[in-house]
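Raw input_10.cif, mmCIF, C-alpha atoms:
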data_start
#
loop_
_atom_site.label_atom_id
_atom_site.label_comp_id
_atom_site.auth_asym_id
_atom_site.auth_seq_id
_atom_site.Cartn_x
_atom_site.Cartn_y
_atom_site.Cartn_z
CA MET A 239 0.00 0.00 0.00
CA ASP A 240 1.41 3.43 -0.90
CA PHE A 241 1.64 6.26 1.60
CA ASP A 242 -1.25 8.31 0.18
CA THR A 243 -3.53 5.28 0.45
CA ALA A 244 -2.42 4.67 4.03
CA VAL A 245 -3.27 8.28 4.85
CA LYS A 246 -6.63 7.99 3.12
CA LEU A 247 -7.52 4.84 5.03
CA ASN A 248 -6.46 6.34 8.35
CA ILE A 249 -8.63 9.40 7.70
CA TYR A 250 -11.72 7.40 6.82
CA GLU A 251 -11.25 4.81 9.56
CA THR A 252 -10.77 7.59 12.11
CA ILE A 253 -13.90 9.43 11.04
CA ALA A 254 -15.96 6.25 10.97
CA ARG A 255 -14.79 5.35 14.48
CA THR A 256 -14.80 8.76 16.16
CA THR A 257 -17.06 10.89 13.87
CA GLN A 258 -14.27 13.51 13.83
CA ALA A 259 -11.82 14.23 11.02
CA PRO A 260 -8.20 13.83 12.18
CA THR A 261 -5.62 16.59 11.83
CA SER A 262 -2.37 16.04 9.98
CA ALA A 263 -0.69 15.65 13.38
CA ASP A 264 -3.17 12.92 14.36
CA VAL A 265 -2.54 11.00 11.13
CA ALA A 266 1.22 11.50 11.44
CA LYS A 267 1.21 10.05 14.93
CA ALA A 268 -0.77 7.01 13.80
CA LEU A 269 1.49 6.39 10.79
CA PHE A 270 4.80 7.21 12.54
CA THR A 271 5.66 10.06 10.20
CA SER A 272 5.65 13.87 10.15
CA PRO A 273 2.69 16.24 9.76
CA GLU A 274 4.44 17.73 6.73
CA GLU A 275 4.48 14.35 4.98
CA VAL A 276 0.81 13.87 5.79
CA GLU A 277 -0.10 17.34 4.49
CA ALA A 278 1.67 16.51 1.23
CA ALA A 279 -0.55 13.42 1.03
CA PHE A 280 -3.58 15.61 1.76
CA LYS A 281 -2.66 17.59 -1.38
CA GLN A 282 -2.38 14.43 -3.45
CA LEU A 283 -5.73 13.18 -2.18
CA HIS A 284 -7.26 16.56 -2.97
CA GLN A 285 -6.03 16.24 -6.55
CA LYS A 286 -7.74 12.83 -6.68
CA ARG A 287 -10.89 14.53 -5.36
CA LEU A 288 -10.97 12.35 -2.26
CA LEU A 289 -10.26 15.15 0.22
CA VAL A 290 -10.66 18.90 0.69
CA PRO A 291 -8.25 20.52 3.18
CA GLU A 292 -9.64 23.33 5.31
CA PRO A 293 -9.19 26.60 3.38
CA GLY A 294 -6.29 28.51 4.96
CA ASN A 295 -5.26 25.61 7.21
CA SER A 296 -3.67 22.67 5.42
CA SER A 297 -3.39 20.68 8.67
CA ARG A 298 -7.15 20.24 8.90
CA ILE A 299 -9.71 18.44 6.74
CA ARG A 300 -12.87 20.20 5.61
CA MET A 301 -14.29 17.36 3.54
CA ALA A 302 -13.47 13.69 3.23
CA PRO A 303 -16.50 12.88 1.11
CA PRO A 304 -19.07 11.79 2.12
CA PHE A 305 -18.01 13.05 5.55
CA SER A 306 -17.69 16.71 6.51
CA GLY A 307 -14.97 17.87 8.87
CA ALA A 308 -17.20 20.71 10.04
CA PRO A 309 -20.83 20.90 11.19
CA THR A 310 -23.36 21.18 8.35
CA PRO A 311 -27.17 21.16 8.01
CA PHE A 312 -26.98 17.41 7.23
CA ARG A 313 -26.54 15.31 10.36
CA VAL A 314 -26.49 11.55 9.92
CA LYS A 315 -27.22 9.29 12.88
CA VAL A 316 -25.87 5.75 12.64
CA GLN A 317 -26.39 3.57 15.71
CA ASP A 318 -25.05 5.69 18.59
CA LYS A 319 -22.94 8.03 16.45
CA SER A 320 -23.67 11.30 14.62
CA TYR A 321 -21.75 12.37 11.54
CA TYR A 322 -21.97 15.48 9.39
CA ALA A 323 -22.37 15.19 5.62
CA ASN A 324 -21.51 17.77 2.98
CA CYS A 325 -24.87 17.59 1.21
CA VAL A 326 -27.87 15.30 0.83
CA TRP A 327 -25.98 13.07 -1.64
CA ASP A 328 -23.22 12.63 0.92
CA ALA A 329 -25.74 12.14 3.73
CA LEU A 330 -27.00 9.06 1.90
CA GLY A 331 -23.36 8.30 1.10
CA ILE A 332 -22.50 7.96 4.78
CA ALA A 333 -25.12 5.23 5.15
CA ALA A 334 -23.72 3.60 1.99
CA ALA A 335 -20.09 3.87 3.13
CA LEU A 336 -20.84 2.46 6.58
CA HIS A 337 -23.29 -0.15 5.22
CA ALA A 338 -25.67 0.74 7.98
CA ASP A 339 -29.15 2.02 8.67
CA ALA A 340 -29.24 5.78 9.17
CA ILE A 341 -31.49 8.65 10.16
CA ILE A 342 -30.67 11.86 8.31
CA GLU A 343 -31.62 15.21 9.78
CA ALA A 344 -31.96 17.76 7.00
CA SER A 345 -34.13 20.68 6.03
CA ASP A 346 -36.02 22.11 3.08
CA GLY A 347 -33.66 24.27 1.02
CA GLN A 348 -36.19 27.10 0.75
CA SER A 349 -38.23 27.11 3.94
CA GLY A 350 -35.71 25.62 6.33
CA GLU A 351 -38.41 23.31 7.61
CA PRO A 352 -36.84 20.22 9.21
CA MET A 353 -36.95 17.01 7.18
CA LEU A 354 -35.99 13.49 8.14
CA LEU A 355 -34.73 10.90 5.69
CA GLU A 356 -34.13 7.30 6.60
CA VAL A 357 -32.07 4.47 5.18
CA HIS A 358 -33.24 1.04 6.28
CA ASN A 359 -32.03 -2.38 5.14
CA GLY A 360 -29.95 -0.92 2.34
CA GLN A 361 -32.64 1.29 0.83
CA PRO A 362 -33.97 4.80 1.43
CA VAL A 363 -37.40 4.83 3.02
CA PRO A 364 -39.72 6.43 0.44
CA GLN A 365 -40.51 10.05 1.16
CA ALA A 366 -41.88 13.00 -0.80
CA CYS A 367 -38.93 15.19 -1.72
CA VAL A 368 -36.89 16.42 -4.68
CA ILE A 369 -33.16 16.94 -5.01
CA HIS A 370 -32.10 19.86 -7.20
CA PHE A 371 -28.72 20.12 -8.87
CA ALA A 372 -27.97 23.80 -9.59
CA VAL A 373 -24.44 23.18 -10.87
CA PRO A 374 -23.58 21.09 -13.97
CA ALA A 375 -21.29 18.10 -13.44
CA VAL A 376 -18.35 19.67 -15.23
CA GLN A 377 -18.28 22.48 -12.66
CA TRP A 378 -18.80 20.50 -9.45
CA TRP A 379 -15.19 20.77 -8.32
CA ASP A 380 -14.73 24.38 -9.45
CA ASP A 381 -16.16 25.29 -6.04
CA ILE A 382 -16.95 22.04 -4.28
CA LEU A 383 -17.87 23.76 -1.02
CA TYR A 384 -20.71 25.53 -2.88
CA THR A 385 -21.71 22.53 -4.98
CA MET B 433 -27.25 20.29 -4.58
CA LEU B 434 -30.17 21.05 -2.31
CA LEU B 435 -33.03 19.04 -0.83
CA PHE B 436 -36.61 20.30 -1.08
CA ARG B 437 -39.84 18.99 0.35
CA SER B 438 -41.64 19.52 -2.96
CA GLU B 439 -41.40 20.99 -6.44
CA GLU B 440 -43.29 23.98 -5.03
CA THR B 441 -40.59 24.96 -2.53
CA LEU B 442 -37.93 24.34 -5.18
CA THR B 443 -39.75 26.74 -7.53
CA GLN B 444 -39.89 29.34 -4.74
CA TRP B 445 -36.14 28.91 -4.15
CA CYS B 446 -35.33 29.43 -7.84
CA GLU B 447 -37.62 32.44 -8.17
CA ALA B 448 -36.24 34.09 -5.04
CA ARG B 449 -32.73 33.90 -6.50
CA GLY B 450 -33.51 34.46 -10.15
CA LEU B 451 -31.96 31.09 -10.96
CA PRO B 452 -33.18 28.61 -13.54
CA LYS B 453 -34.66 25.33 -12.42
CA ARG B 454 -32.24 22.62 -13.36
CA PRO B 455 -32.40 18.82 -13.15
CA VAL B 456 -34.26 17.23 -10.26
CA LEU B 457 -33.54 13.77 -8.90
CA THR B 458 -35.68 11.39 -6.90
CA LEU B 459 -34.50 9.88 -3.64
CA THR B 460 -34.10 6.54 -5.40
CA GLN B 461 -31.83 8.03 -8.07
CA LEU B 462 -29.73 9.82 -5.45
CA TRP B 463 -29.40 6.63 -3.41
CA TYR B 464 -28.03 4.89 -6.51
CA LEU B 465 -25.40 7.62 -6.86
CA ALA B 466 -24.57 7.47 -3.15
CA VAL B 467 -24.00 3.72 -3.25
CA THR B 468 -22.01 3.89 -6.49
CA TRP B 469 -19.77 6.67 -5.20
CA TYR B 470 -19.29 5.63 -1.61
CA ALA B 471 -20.04 1.96 -0.88
CA ASN B 472 -16.34 1.06 -0.94
CA ARG B 473 -14.99 4.40 0.34
CA LEU B 474 -13.47 2.84 3.46
CA THR B 475 -11.45 0.31 1.45
CA VAL B 476 -7.94 0.38 -0.01
CA GLU B 477 -9.12 0.38 -3.61
CA SER B 478 -11.68 3.17 -3.30
CA ARG B 479 -11.41 6.04 -5.75
CA ARG B 480 -13.63 8.59 -7.39
CA PRO B 481 -15.14 7.47 -10.71
CA THR B 482 -13.36 8.79 -13.79
CA PRO B 483 -15.27 11.27 -16.00
CA ASP B 484 -16.09 8.50 -18.49
CA GLU B 485 -17.33 6.25 -15.67
CA MET B 486 -19.39 9.13 -14.27
CA GLY B 487 -21.13 9.57 -17.62
CA GLU B 488 -21.97 5.86 -17.70
CA ILE B 489 -23.26 5.91 -14.13
CA PHE B 490 -25.49 8.91 -14.79
CA ALA B 491 -26.85 7.36 -17.99
CA ARG B 492 -27.86 4.21 -16.10
CA ILE B 493 -30.39 6.23 -14.12
CA GLY B 494 -31.51 8.39 -17.02
CA LEU B 495 -29.27 11.41 -16.42
CA GLU B 496 -27.98 12.36 -19.85
CA GLY B 497 -27.12 15.46 -21.84
CA PRO B 498 -24.55 18.22 -21.38
CA PHE B 499 -25.60 19.01 -17.79
CA TRP B 500 -24.47 15.55 -16.66
CA ASP B 501 -21.41 15.35 -18.89
CA PRO B 502 -18.27 15.81 -16.72
CA LYS B 503 -16.37 16.78 -19.88
CA ALA B 504 -18.95 19.12 -21.43
CA ASP B 505 -17.53 22.26 -23.02
CA GLN B 506 -20.59 24.44 -23.01
CA TRP B 507 -20.69 25.02 -19.27
CA HIS B 508 -17.15 26.28 -18.83
CA SER B 509 -18.15 29.80 -19.82
CA ALA B 510 -21.69 29.60 -18.44
CA THR B 511 -22.75 30.96 -15.09
#
Show the structure stored in the file as structure tokens.
Amino acid sequence: MDFDTAVKLNIYETIARTTQAPTSADVAKALFTSPEEVEAAFKQLHQKRLLVPEPGNSSRIRMAPPFSGAPTPFRVKVQDKSYYANCVWDALGIAAALHADAIIEASDGQSGEPMLLEVHNGQPVPQACVIHFAVPAVQWWDDILYT
Amino acid sequence: MLLFRSEETLTQWCEARGLPKRPVLTLTQLWYLAVTWYANRLTVESRRPTPDEMGEIFARIGLEGPFWDPKADQWHSAT
């Protein structure tokens, strides 16, 4: 396994276990290396669109899709843990990545009215809703925090 | 992308911002994308689909045309 992959796995395993994104120092300690080496791997993973470092702070992770490193309007409850997702796609993605049932706390994009989505036995529980894509696929990573 | 309770609240959102209404997905379609993108994300071999693979994935659930083309030219200069 190459170093970037080891970093990627450590990030995702840490988030899955703790619900929190590790810092470069946390990953470095786990992999017996330096934070600088880990931050270089963060850059490589960003180029592969598997990671978004925190803007202005390369030691922290803003997004490790489907997980968010910061609180968002999409909270995903899996068993006794709560994760934050980057968007509704990623909220479902957390259930898919963890292969688990999930309750997703979200809200209507216009009214802000709370909405609950549920994944049960590997399927979303049917619910009246629509998901709107405002940005075409070719532009998704031009500003992924907005997308 | 954003979640809406109904087409009605989506229309209100677009009108309030002067933005065009663009493609809308069902929960079932989005679940398919979530599983395809993320089901193996915690494994060694996980990676993001390539642009060609993305086009094939979208087509499988009926998402076709320039909006869903990760290599489309026409959107580079669009707002």
Please write as a CSV table (one decimal) with C-alpha atoms, in the frame of the given file the full residue list that the PyMOL selection byres ((chain B) within 6 of (chain A)) yields on this file.
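File produced: result16.csv:
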chain,number,residue,atom,x,y,z
B,433,MET,CA,-27.2,20.3,-4.6
B,434,LEU,CA,-30.2,21.0,-2.3
B,435,LEU,CA,-33.0,19.0,-0.8
B,436,PHE,CA,-36.6,20.3,-1.1
B,437,ARG,CA,-39.8,19.0,0.4
B,438,SER,CA,-41.6,19.5,-3.0
B,441,THR,CA,-40.6,25.0,-2.5
B,445,TRP,CA,-36.1,28.9,-4.2
B,454,ARG,CA,-32.2,22.6,-13.4
B,455,PRO,CA,-32.4,18.8,-13.2
B,456,VAL,CA,-34.3,17.2,-10.3
B,457,LEU,CA,-33.5,13.8,-8.9
B,458,THR,CA,-35.7,11.4,-6.9
B,466,ALA,CA,-24.6,7.5,-3.2
B,467,VAL,CA,-24.0,3.7,-3.2
B,470,TYR,CA,-19.3,5.6,-1.6
B,471,ALA,CA,-20.0,2.0,-0.9
B,473,ARG,CA,-15.0,4.4,0.3
B,474,LEU,CA,-13.5,2.8,3.5
B,499,PHE,CA,-25.6,19.0,-17.8
B,500,TRP,CA,-24.5,15.6,-16.7
B,502,PRO,CA,-18.3,15.8,-16.7
B,503,LYS,CA,-16.4,16.8,-19.9
Length of the CA of Gln461 in chain B to CA of Phe490 in chain B vector [Å]: 9.3 Å
Residue neighbourhood range 307-312 of chain A, 6 Å, all atoms listed in the file, exclusion window fewer than 6 positions, as JSON, numbers by chain: {"A": [259, 299, 300, 301, 322, 323, 343, 344]}
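What the PyMOL selection byres ((chain A and resi 279) around 10) matches in the given file is Phe241, Asp242, Thr243, Ala244, Val245, Lys246, Ser262, Pro273, Glu274, Glu275, Val276, Glu277, Ala278, Phe280, Lys281, Gln282, Leu283, His284, Gln285 and Leu289 of chain A.
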Matched chain/residue IDs from the PyMOL selection byres ((chain B and resi 486) around 12), as a list in words: Ala375 and Val376 of chain A; Leu465, Thr468, Trp469, Arg480, Pro481, Thr482, Pro483, Asp484, Glu485, Gly487, Glu488, Ile489, Phe490, Ala491, Arg492, Ile493, Leu495, Glu496, Trp500, Asp501, Pro502 and Lys503 of chain B
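What separates CA of Asp339 in chain A from CA of Gln317 in chain A is a distance of 7.7 Å.
The space between CA of Thr256 in chain A and CA of Phe305 in chain A spans 11.9 Å.
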